[in-house]
Structure formats: C-alpha cells, structure tokens
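Source file: structure-v4.cif. Holds: mmCIF, C-alpha atoms.
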data_protein
#
loop_
_atom_site.group_PDB
_atom_site.id
_atom_site.type_symbol
_atom_site.label_atom_id
_atom_site.label_comp_id
_atom_site.auth_asym_id
_atom_site.auth_seq_id
_atom_site.Cartn_x
_atom_site.Cartn_y
_atom_site.Cartn_z
ATOM 1 C CA MET A 26 25.129 28.208 -33.547
ATOM 2 C CA ALA A 27 22.519 26.257 -31.597
ATOM 3 C CA ARG A 28 23.558 22.997 -33.253
ATOM 4 C CA LEU A 29 27.206 23.611 -32.406
ATOM 5 C CA ILE A 30 26.392 24.152 -28.734
ATOM 6 C CA ALA A 31 24.315 20.976 -28.640
ATOM 7 C CA TRP A 32 27.080 18.952 -30.315
ATOM 8 C CA GLY A 33 29.683 20.277 -27.896
ATOM 9 C CA LEU A 34 27.650 19.373 -24.837
ATOM 10 C CA ILE A 35 26.701 15.897 -26.023
ATOM 11 C CA CYS A 36 30.196 14.914 -27.125
ATOM 12 C CA CYS A 37 32.166 16.551 -24.351
ATOM 13 C CA CYS A 38 30.141 17.065 -21.207
ATOM 14 C CA LEU A 39 28.126 13.883 -20.918
ATOM 15 C CA PRO A 40 30.960 11.378 -20.330
ATOM 16 C CA LEU A 41 32.515 13.637 -17.708
ATOM 17 C CA ALA A 42 29.262 14.422 -15.952
ATOM 18 C CA LEU A 43 28.505 10.730 -15.562
ATOM 19 C CA SER A 44 31.995 9.927 -14.321
ATOM 20 C CA GLY A 45 31.828 12.474 -11.498
ATOM 21 C CA CYS A 46 35.415 13.459 -12.239
ATOM 22 C CA LEU A 47 34.988 17.030 -11.018
ATOM 23 C CA GLY A 48 34.207 16.062 -7.455
ATOM 24 C CA THR A 49 31.099 15.776 -5.302
ATOM 25 C CA ILE A 50 28.477 18.380 -4.601
ATOM 26 C CA ARG A 51 28.454 20.129 -1.226
ATOM 27 C CA SER A 52 24.943 21.347 -0.575
ATOM 28 C CA SER A 53 24.623 24.875 0.799
ATOM 29 C CA GLY A 54 21.037 24.350 1.895
ATOM 30 C CA THR A 55 19.717 26.109 -1.220
ATOM 31 C CA HIS A 56 16.933 24.175 -2.941
ATOM 32 C CA LEU A 57 15.727 24.840 -6.485
ATOM 33 C CA ASP A 58 12.891 23.249 -8.413
ATOM 34 C CA PRO A 59 13.833 21.242 -11.548
ATOM 35 C CA GLU A 60 12.725 23.968 -13.964
ATOM 36 C CA THR A 61 14.906 26.565 -12.225
ATOM 37 C CA LEU A 62 17.854 24.162 -12.146
ATOM 38 C CA ILE A 63 17.572 23.565 -15.887
ATOM 39 C CA LEU A 64 17.213 27.265 -16.697
ATOM 40 C CA ASN A 65 20.227 28.256 -14.616
ATOM 41 C CA SER A 66 22.357 25.373 -15.878
ATOM 42 C CA ALA A 67 21.624 26.329 -19.488
ATOM 43 C CA SER A 68 22.319 30.008 -18.797
ATOM 44 C CA CYS A 69 25.622 29.388 -17.016
ATOM 45 C CA HIS A 70 26.750 27.019 -19.756
ATOM 46 C CA LEU A 71 26.007 29.636 -22.407
ATOM 47 C CA LEU A 72 28.088 32.185 -20.500
ATOM 48 C CA ARG A 73 31.224 30.044 -20.752
ATOM 49 C CA VAL A 74 30.605 29.118 -24.387
ATOM 50 C CA GLY A 75 30.064 32.770 -25.261
ATOM 51 C CA GLN A 76 33.124 33.979 -23.363
ATOM 52 C CA THR A 77 35.433 31.454 -24.998
ATOM 53 C CA ASN A 78 33.704 31.186 -28.380
ATOM 54 C CA ASP A 79 34.307 27.476 -27.865
ATOM 55 C CA VAL A 80 31.542 24.864 -27.796
ATOM 56 C CA ALA A 81 33.852 22.432 -25.986
ATOM 57 C CA SER A 82 33.592 24.415 -22.765
ATOM 58 C CA THR A 83 31.181 24.875 -19.878
ATOM 59 C CA ASP A 84 31.239 25.632 -16.155
ATOM 60 C CA ALA A 85 32.175 23.231 -13.365
ATOM 61 C CA THR A 86 28.925 23.949 -11.541
ATOM 62 C CA VAL A 87 26.833 22.950 -14.571
ATOM 63 C CA ILE A 88 28.457 19.517 -14.680
ATOM 64 C CA LEU A 89 27.995 18.989 -10.953
ATOM 65 C CA VAL A 90 24.329 19.987 -11.059
ATOM 66 C CA ALA A 91 23.584 17.766 -14.069
ATOM 67 C CA ASP A 92 25.339 14.817 -12.438
ATOM 68 C CA THR A 93 23.968 15.253 -8.918
ATOM 69 C CA TYR A 94 20.360 15.983 -9.846
ATOM 70 C CA GLN A 95 20.313 13.534 -12.764
ATOM 71 C CA ILE A 96 19.299 16.181 -15.284
ATOM 72 C CA PRO A 97 19.614 14.761 -18.808
ATOM 73 C CA ILE A 98 22.179 16.694 -20.802
ATOM 74 C CA GLN A 99 19.810 16.883 -23.761
ATOM 75 C CA ILE A 100 17.327 18.893 -21.689
ATOM 76 C CA ILE A 101 20.005 21.460 -20.786
ATOM 77 C CA ILE A 102 20.987 21.632 -24.458
ATOM 78 C CA GLU A 103 17.436 22.262 -25.582
ATOM 79 C CA ARG A 104 16.953 25.004 -23.012
ATOM 80 C CA ALA A 105 20.251 26.642 -24.014
ATOM 81 C CA ASN A 106 19.158 26.697 -27.641
ATOM 82 C CA ARG A 107 15.806 28.217 -26.685
ATOM 83 C CA LEU A 108 17.541 30.913 -24.650
ATOM 84 C CA ILE A 109 19.598 31.939 -27.670
ATOM 85 C CA LYS A 110 16.401 32.451 -29.659
ATOM 86 C CA ASP A 111 14.486 34.104 -26.801
ATOM 87 C CA TYR A 112 17.217 36.692 -26.183
ATOM 88 C CA GLU A 113 18.302 37.208 -29.776
ATOM 89 C CA ARG A 114 17.273 40.865 -29.607
ATOM 90 C CA ASN A 115 18.548 41.442 -26.078
ATOM 91 C CA PRO A 116 21.847 39.568 -25.644
ATOM 92 C CA ALA A 117 22.996 41.870 -22.823
ATOM 93 C CA GLU A 118 20.104 40.694 -20.656
ATOM 94 C CA LEU A 119 21.038 37.080 -21.368
ATOM 95 C CA VAL A 120 24.619 37.770 -20.260
ATOM 96 C CA SER A 121 23.375 39.323 -17.008
ATOM 97 C CA GLN A 122 21.094 36.357 -16.392
ATOM 98 C CA ALA A 123 23.925 33.938 -17.143
ATOM 99 C CA ILE A 124 26.283 35.624 -14.661
ATOM 100 C CA ARG A 125 23.620 35.402 -11.953
ATOM 101 C CA ALA A 126 22.988 31.766 -12.895
ATOM 102 C CA CYS A 127 26.628 30.768 -12.381
ATOM 103 C CA GLU A 128 26.637 32.518 -9.002
ATOM 104 C CA LEU A 129 23.448 30.724 -7.980
ATOM 105 C CA LEU A 130 24.788 27.324 -9.028
ATOM 106 C CA GLY A 131 27.961 28.078 -7.098
ATOM 107 C CA GLU A 132 25.914 28.693 -3.952
ATOM 108 C CA LEU A 133 23.888 25.545 -4.560
ATOM 109 C CA THR A 134 26.886 23.274 -5.091
ATOM 110 C CA GLY A 135 29.320 24.918 -2.700
ATOM 111 C CA THR A 136 31.736 25.034 -5.639
ATOM 112 C CA THR A 137 33.418 28.040 -7.211
ATOM 113 C CA PRO A 138 32.084 28.693 -10.727
ATOM 114 C CA ALA A 139 35.035 28.012 -13.019
ATOM 115 C CA LEU A 140 35.740 27.428 -16.679
ATOM 116 C CA VAL A 141 35.992 23.811 -17.803
ATOM 117 C CA ARG A 142 37.303 22.886 -21.243
ATOM 118 C CA PHE A 143 37.354 19.579 -23.063
ATOM 119 C CA GLU A 144 39.432 17.840 -25.676
ATOM 120 C CA LEU A 145 37.734 16.410 -28.765
ATOM 121 C CA ASP A 146 37.665 12.954 -27.151
ATOM 122 C CA GLY A 147 35.689 14.295 -24.174
ATOM 123 C CA GLN A 148 38.597 14.322 -21.725
ATOM 124 C CA LEU A 149 39.208 17.321 -19.505
ATOM 125 C CA ARG A 150 41.628 19.843 -20.965
ATOM 126 C CA SER A 151 44.258 20.831 -18.391
ATOM 127 C CA ALA A 152 46.357 23.367 -20.318
ATOM 128 C CA TRP A 153 47.642 26.407 -18.427
ATOM 129 C CA LEU A 154 49.436 29.428 -19.815
ATOM 130 C CA ARG A 155 52.793 30.043 -18.137
ATOM 131 C CA VAL A 156 54.326 33.526 -17.869
ATOM 132 C CA ASP A 157 57.739 33.599 -16.183
ATOM 133 C CA GLY A 158 59.742 36.671 -15.249
ATOM 134 C CA ALA A 159 57.807 39.175 -17.348
ATOM 135 C CA GLU A 160 57.306 42.697 -16.056
ATOM 136 C CA ILE A 161 53.725 43.960 -16.248
ATOM 137 C CA THR A 162 54.068 46.720 -18.839
ATOM 138 C CA PRO A 163 51.605 48.579 -21.110
ATOM 139 C CA GLY A 164 49.649 46.071 -23.195
ATOM 140 C CA PHE A 165 50.521 43.142 -20.899
ATOM 141 C CA ALA A 166 46.899 42.416 -20.022
ATOM 142 C CA GLN A 167 45.657 42.323 -23.605
ATOM 143 C CA GLN A 168 48.602 40.223 -24.774
ATOM 144 C CA THR A 169 48.103 37.702 -21.976
ATOM 145 C CA ILE A 170 44.358 37.518 -22.630
ATOM 146 C CA ALA A 171 45.040 36.803 -26.307
ATOM 147 C CA GLU A 172 47.488 34.026 -25.386
ATOM 148 C CA LEU A 173 45.038 32.499 -22.899
ATOM 149 C CA ARG A 174 42.385 32.341 -25.600
ATOM 150 C CA GLU A 175 44.748 30.999 -28.258
ATOM 151 C CA ARG A 176 45.999 28.246 -25.956
ATOM 152 C CA ARG A 177 42.468 27.390 -24.750
ATOM 153 C CA ALA A 178 43.881 27.605 -21.235
ATOM 154 C CA ILE A 179 41.993 27.005 -18.006
ATOM 155 C CA GLY A 180 44.355 29.158 -15.971
ATOM 156 C CA LEU A 181 47.470 31.302 -15.729
ATOM 157 C CA ILE A 182 50.726 30.415 -13.960
ATOM 158 C CA ILE A 183 52.440 33.736 -13.344
ATOM 159 C CA ASN A 184 55.841 34.512 -11.850
ATOM 160 C CA SER A 185 56.560 38.222 -12.124
ATOM 161 C CA PRO A 186 58.351 41.094 -10.365
ATOM 162 C CA GLY A 187 55.261 43.263 -10.881
ATOM 163 C CA GLY A 188 54.820 46.454 -12.842
ATOM 164 C CA LEU A 189 51.793 48.555 -13.736
ATOM 165 C CA VAL A 190 48.915 48.197 -11.305
ATOM 166 C CA ASP A 191 46.230 49.191 -13.820
ATOM 167 C CA GLU A 192 47.388 46.495 -16.247
ATOM 168 C CA ALA A 193 47.497 43.910 -13.463
ATOM 169 C CA ARG A 194 43.960 44.689 -12.319
ATOM 170 C CA LYS A 195 42.636 44.707 -15.865
ATOM 171 C CA LEU A 196 43.985 41.186 -16.294
ATOM 172 C CA GLY A 197 42.810 40.139 -12.830
ATOM 173 C CA ARG A 198 39.242 41.223 -13.545
ATOM 174 C CA TYR A 199 39.279 39.376 -16.870
ATOM 175 C CA LEU A 200 40.447 36.190 -15.163
ATOM 176 C CA ARG A 201 37.711 36.431 -12.542
ATOM 177 C CA ALA A 202 34.903 37.210 -14.988
ATOM 178 C CA ASN A 203 35.922 34.350 -17.276
ATOM 179 C CA GLY A 204 36.283 31.680 -14.599
ATOM 180 C CA LEU A 205 40.053 31.243 -14.957
ATOM 181 C CA ARG A 206 42.460 30.070 -12.265
ATOM 182 C CA THR A 207 45.852 31.472 -11.236
ATOM 183 C CA ALA A 208 48.978 29.935 -9.755
ATOM 184 C CA VAL A 209 52.488 30.862 -8.616
ATOM 185 C CA ASP A 210 55.347 28.373 -8.371
ATOM 186 C CA ASP A 211 58.317 30.737 -8.025
ATOM 187 C CA TYR A 212 57.723 34.392 -7.134
ATOM 188 C CA CYS A 213 54.939 36.950 -7.470
ATOM 189 C CA VAL A 214 55.470 40.402 -6.005
ATOM 190 C CA SER A 215 54.077 43.919 -6.237
ATOM 191 C CA ALA A 216 51.429 44.285 -8.985
ATOM 192 C CA CYS A 217 51.686 40.561 -9.741
ATOM 193 C CA ILE A 218 49.688 40.020 -6.544
ATOM 194 C CA ASP A 219 46.718 41.743 -8.203
ATOM 195 C CA VAL A 220 46.900 39.276 -11.096
ATOM 196 C CA LEU A 221 47.092 36.330 -8.698
ATOM 197 C CA ALA A 222 44.077 37.646 -6.776
ATOM 198 C CA GLY A 223 41.970 37.594 -9.948
ATOM 199 C CA GLY A 224 41.873 33.811 -10.264
ATOM 200 C CA VAL A 225 38.658 32.064 -9.250
ATOM 201 C CA GLU A 226 40.957 29.473 -7.676
ATOM 202 C CA ARG A 227 44.443 30.579 -6.614
ATOM 203 C CA TYR A 228 47.279 28.112 -6.117
ATOM 204 C CA ALA A 229 50.838 28.278 -4.834
ATOM 205 C CA THR A 230 53.569 25.684 -4.433
ATOM 206 C CA PRO A 231 55.411 25.335 -1.099
ATOM 207 C CA ASN A 232 58.468 27.191 -2.441
ATOM 208 C CA ALA A 233 56.473 30.097 -3.912
ATOM 209 C CA ARG A 234 57.265 33.604 -2.679
ATOM 210 C CA LEU A 235 54.499 36.188 -2.484
ATOM 211 C CA GLY A 236 55.568 39.758 -1.791
ATOM 212 C CA VAL A 237 53.929 43.159 -1.362
ATOM 213 C CA HIS A 238 54.998 46.767 -0.973
ATOM 214 C CA GLN A 239 53.727 50.261 -1.653
ATOM 215 C CA SER A 240 53.003 50.922 -5.290
ATOM 216 C CA ARG A 241 54.449 53.942 -7.019
ATOM 217 C CA VAL A 242 51.628 56.455 -7.053
ATOM 218 C CA PRO A 243 50.628 57.586 -10.579
ATOM 219 C CA ARG A 244 50.606 61.312 -11.315
ATOM 220 C CA ARG A 245 46.838 61.507 -11.108
ATOM 221 C CA TYR A 246 47.197 60.556 -7.409
ATOM 222 C CA SER A 247 50.196 62.801 -6.742
ATOM 223 C CA SER A 248 48.659 64.786 -3.856
ATOM 224 C CA HIS A 249 48.512 63.482 -0.283
ATOM 225 C CA GLU A 250 44.778 62.907 -0.602
ATOM 226 C CA GLY A 251 45.354 61.253 -3.949
ATOM 227 C CA GLY A 252 47.829 58.868 -2.359
ATOM 228 C CA GLN A 253 45.225 57.904 0.213
ATOM 229 C CA LEU A 254 42.729 57.245 -2.569
ATOM 230 C CA TYR A 255 45.280 55.026 -4.289
ATOM 231 C CA VAL A 256 45.635 52.925 -1.134
ATOM 232 C CA ALA A 257 41.842 52.776 -0.909
ATOM 233 C CA ASP A 258 41.704 51.552 -4.513
ATOM 234 C CA ALA A 259 44.065 48.707 -3.605
ATOM 235 C CA PHE A 260 41.869 47.759 -0.659
ATOM 236 C CA LEU A 261 38.684 47.865 -2.752
ATOM 237 C CA TYR A 262 40.188 45.774 -5.552
ATOM 238 C CA LEU A 263 41.341 43.034 -3.184
ATOM 239 C CA ARG A 264 37.982 43.059 -1.416
ATOM 240 C CA GLU A 265 36.293 42.714 -4.817
ATOM 241 C CA MET A 266 38.420 39.604 -5.344
ATOM 242 C CA GLY A 267 37.563 38.172 -1.934
ATOM 243 C CA VAL A 268 40.985 38.833 -0.396
ATOM 244 C CA ALA A 269 41.253 40.166 3.161
ATOM 245 C CA ALA A 270 42.092 43.835 3.698
ATOM 246 C CA ASP A 271 45.171 42.777 5.685
ATOM 247 C CA VAL A 272 47.077 42.293 2.422
ATOM 248 C CA ALA A 273 46.489 45.881 1.260
ATOM 249 C CA ILE A 274 47.245 47.239 4.739
ATOM 250 C CA ALA A 275 50.519 45.310 4.900
ATOM 251 C CA ALA A 276 51.526 46.555 1.444
ATOM 252 C CA ALA A 277 50.832 50.183 2.360
ATOM 253 C CA ALA A 278 53.287 49.949 5.268
ATOM 254 C CA VAL A 279 56.275 48.785 3.183
ATOM 255 C CA PRO A 280 58.381 51.287 1.138
ATOM 256 C CA ASN A 281 58.409 50.483 -2.562
ATOM 257 C CA ASN A 282 62.164 49.808 -2.495
ATOM 258 C CA ARG A 283 61.555 46.868 -0.151
ATOM 259 C CA VAL A 284 59.392 43.745 -0.289
ATOM 260 C CA LEU A 285 57.438 42.083 2.501
ATOM 261 C CA LEU A 286 57.166 38.337 1.917
ATOM 262 C CA ILE A 287 53.821 36.931 3.026
ATOM 263 C CA PRO A 288 54.007 33.476 4.658
ATOM 264 C CA LEU A 289 51.908 31.021 2.675
ATOM 265 C CA THR A 290 49.874 30.169 5.765
ATOM 266 C CA ASP A 291 48.946 33.851 6.057
ATOM 267 C CA ALA A 292 48.187 34.009 2.328
ATOM 268 C CA LEU A 293 45.779 31.098 2.758
ATOM 269 C CA ALA A 294 44.116 32.699 5.764
ATOM 270 C CA ALA A 295 43.695 35.988 3.884
ATOM 271 C CA GLY A 296 42.276 34.298 0.789
ATOM 272 C CA LEU A 297 45.145 35.471 -1.403
ATOM 273 C CA ILE A 298 45.616 31.822 -2.311
ATOM 274 C CA THR A 299 42.983 29.132 -1.963
ATOM 275 C CA SER A 300 45.165 26.002 -2.059
ATOM 276 C CA LEU A 301 48.733 24.768 -1.800
ATOM 277 C CA VAL A 302 49.868 22.244 -4.417
ATOM 278 C CA GLU A 303 53.118 20.326 -4.696
ATOM 279 C CA ARG A 304 54.053 21.467 -8.180
ATOM 280 C CA PHE A 305 52.864 22.516 -11.613
ATOM 281 C CA PRO A 306 54.115 20.924 -14.816
ATOM 282 C CA THR A 307 56.547 22.714 -17.078
ATOM 283 C CA LEU A 308 54.305 23.884 -19.905
#

Written form, structure tokens:
Amino acid sequence: MARLIAWGLICCCLPLALSGCLGTIRSSGTHLDPETLILNSASCHLLRVGQTNDVASTDATVILVADTYQIPIQIIIERANRLIKDYERNPAELVSQAIRACELLGELTGTTPALVRFELDGQLRSAWLRVDGAEITPGFAQQTIAELRERRAIGLIINSPGGLVDEARKLGRYLRANGLRTAVDDYCVSACIDVLAGGVERYATPNARLGVHQSRVPRRYSSHEGGQLYVADAFLYLREMGVAADVAIAAAAVPNNRVLLIPLTDALAAGLITSLVERFPTL
C-alpha cells in the first residue's frame, strides 16, 4: 500500500505541482513551520487516497502547499508512508487528523480543500457525473455515490425536480466530506437544493434555475411542533454547508405546490453557489 501511494504521488502530482496549474496561493496570515507543513500535507493527501481508494488522487491544498513552499514531493510521500505504519492500529485517529489537516491547509492557502484526480499521464482528470431529470427517491444517494466512484468523478452536475430530503442530505454530506463539487446547468428545485449545497465548490450557468419551497413534512414530524423542528433541520443543514439562513427561511414561506426561483445573484450572495460559469460539457 505504501509503495502504491508513493508511485501515485511521484507520477501524478509532481508535474502538476511544478506547473502551478491549480492556481496561486492566497495567504491567510497563518504560518506553519516546515515539519508541520509536511505532516499536514501528508495527512490530507492520505485522506483523499483513502476516500477514493485511488492512488492517483490528492487534495488541491496539498499541491498548492508543495508548490508554494517548495516541499519536495518525496518528503511528503515518505511522511505519508510513515503515518500509515504509525496509525496501523488506530486508523480512526488518522482519519480525524487528516480531516483537520485538510481544514488547516485550506486556511493556510485560502483555498477550499477539494478532491483532485489525475490521469495515468499526470494530467488533471476533469470528469463529472451528470444526472438529469431524476427524482430523488429511496436509494438515490447510494446509487449516485457508486456512480461517482466508478466514474472517478471530481463532481456532480445535477438537474432534478427534487424528492426525498433525507436522501438529498445524505448525498450532500457525502459530497462535502469527500471534497466533491456540484453544478447546475438547467434546473434544481426542492430537495435538489440540498444536494447542490453539499458541493465544496458550487457552480451554476447563467440559464440555471434554482427553486425552493416547503418540503412535505414526514410523518415523524406530523405535529405542529414537529413541523417547526423540520424547518429547523433545514436551517441547520444549510448552515452546516455554509449557506445563509435566508434560503431556508425563503423556502419555509412558499407552499409546496409552488416554487420560488432564487435569482443567481442572490444565490451567490447566500453562498448557495460559489461561482457562475458559462457552460458545462455534455458528458
């Protein structure tokens, strides 16, 4: 396992790190000594490799740190291999450390921690999974996760009329934890908004339509107080994803037989999307 990780980093990460193709670092004022930089870079890299079970993957922040601070890739590799041995009997602690490491590198670089994948020739892999028109039904989250992994995707383009909120949030939390991006280039309404919110980076095209309304309250929330808790759950989920409470408040005011379309400028201001792009390719 250690040799595979080393091979993946040497063959795939080094050419890209030296080229600076992922952008420039934006310092947040956080300063770390070289030893701490190496430890956190190795930990964050291992998180992405472990999540994907793919040695040709890492995190965007790891590449930026290695490039900006001129840390030899081989040193990060060696530390990653040592971490595997050191935490062999306590992998859960290594996962916790790795999550914190990605967050710390994100603060240092001013860049969102995000999954990066490579082709065998060392070029960036840009494959997205596209889901068009599908209702979010039981099993949707698990099926989509399986397809994301099979395709070795870096993100999910989703256009959906919505469906089950629990399924949408299950998928949204998976996307966030695994550093995946989301995008909409047609329409995303109701529970689809919760999937969109899960992306570490969230894109929309100028013609995209984003809509919200009240969700149908499940039986376990059937009382008046239960309904209030359901609205609170929506607020807490969006806050967890870094989206302003205004989105949940707006949704709660619209009957579920109607849809309120959110202007893209408002979606940007609320953090529901992070960028506007001209188009996405047909995948």

Could you jot down the atom CA of Ala208 of chain A to atom CA of Ser121 of chain A separation for me, Å, one decimal place?
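Atom CA of Ser121 of chain A lies 28.2 Å from atom CA of Ala208 of chain A.
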
Residues near segment 70-75 of chain A, cut-off 9 Å, only C-alpha atoms, skip fewer than 4 positions along chain, as a list in words
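The contact residues come out as Ile30, Asn65, Ser66, Asp79, Val80, Ala81, Ser82, Thr83, Asp84, Val87, Ile101, Ala105, Leu108, Ile109, Leu119, Val120, Ala123, Ile124, Cys127, Ala139, Leu140, Val141, Asn203 and Gly204 of chain A.
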
Answer key for the PyMOL selection byres ((chain A and resi 181) around 8), residues as a PyMOL selection string
chain A and resi 153-156+173+178-180+182-183+205-208

Using only C-alpha atoms, which of the listed residues (A:Pro163, A:Val225, A:Asp157, A:Tyr112) sits closest to Asp211 of chain A?
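Checking each of A:Pro163, A:Val225, A:Asp157, A:Tyr112 against Asp211 of chain A, counting only C-alpha atoms, the winner is A:Asp157.
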
Smallest atom-to-atom distance to Arg104 of chain A: which of A:Val302, A:Ile170, A:Leu62, A:Leu129, using only C-alpha atoms?
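So, comparing all the options, the nearest one is A:Leu62.
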
Give me the residues within 6 Å of Thr86 of chain A as a count of residues only, counting only C-alpha atoms and dropping any in the same chain fewer than 2 places off.
5

Separation of atom CA of Gly224 of chain A from atom CA of Ser151 of chain A in Å:
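Atom CA of Gly224 of chain A lies 15.5 Å from atom CA of Ser151 of chain A.
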
Using the chain letters and numbers from the file, which residues does the PyMOL selection byres ((chain A and resi 265) around 12) grab, as a PyMOL selection string?
chain A and resi 194+197-198+201-202+219+222-225+258-264+266-270+296-297

Atomic distance atom CA of Leu196 of chain A - atom CA of Gln167 of chain A, expressed in Å with one decimal:
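One can read the atom CA of Leu196 of chain A to atom CA of Gln167 of chain A distance as 7.6 Å.
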
Might you pull out every residue within 10 Å of Val284 of chain A, with all atoms listed in the file counted and same-chain residues fewer than 2 positions away left off, and present them as a PyMOL selection string?
chain A and resi 214-215+235-239+276+279-282+286-287

What's the 9 Å shell around Val190 of chain A, counting only C-alpha atoms, without same-chain residues fewer than 2 positions away, as a PyMOL selection string?
chain A and resi 161+187-188+192-195+215-217+219+240

Let me make sure I understand: among A:Ala295, A:Val220, A:Pro97, A:Pro186, which one has the smallest atom-to-atom distance to Tyr199 of chain A if we use only C-alpha atoms?
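Closest to Tyr199 of chain A, using only C-alpha atoms: A:Val220.
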
Please check which residues have atoms at most 8 Å from (19.6, 19.5, -12.6) in the file's coordinates, counting only C-alpha atoms, and write them as an MDAnalysis selection string.
chainID A and resid 59 62:63 66 90:97

Taking all atoms of segment 131-134 of chain A that the file lists and extending 8 Å past them on each side, where is the centre of the axis-aligned box and how long are its edges? Answer in Å to one decimal, as AutoDock Vina command-line options.
--center_x 25.9 --center_y 26.0 --center_z -5.5 --size_x 20.1 --size_y 21.4 --size_z 19.1

Within 10 Å of (48.1, 21.6, -2.6) in the file's own coordinates, which protein, DNA or RNA residues have an atom, counting only C-alpha atoms? List them as an MDAnalysis selection string.
chainID A and resid 228:231 299:304

Selection above as a file: C-alpha atoms, as a PDB file, in the coordinates of the input:
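Below you can see selection_30.pdb, which holds the result:
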ATOM      1  CA  TYR A 228      47.279  28.112  -6.117  1.00  0.00           C
ATOM      2  CA  ALA A 229      50.838  28.278  -4.834  1.00  0.00           C
ATOM      3  CA  THR A 230      53.569  25.684  -4.433  1.00  0.00           C
ATOM      4  CA  PRO A 231      55.411  25.335  -1.099  1.00  0.00           C
ATOM      5  CA  THR A 299      42.983  29.132  -1.963  1.00  0.00           C
ATOM      6  CA  SER A 300      45.165  26.002  -2.059  1.00  0.00           C
ATOM      7  CA  LEU A 301      48.733  24.768  -1.800  1.00  0.00           C
ATOM      8  CA  VAL A 302      49.868  22.244  -4.417  1.00  0.00           C
ATOM      9  CA  GLU A 303      53.118  20.326  -4.696  1.00  0.00           C
ATOM     10  CA  ARG A 304      54.053  21.467  -8.180  1.00  0.00           C
TER      11      ARG A 304
END
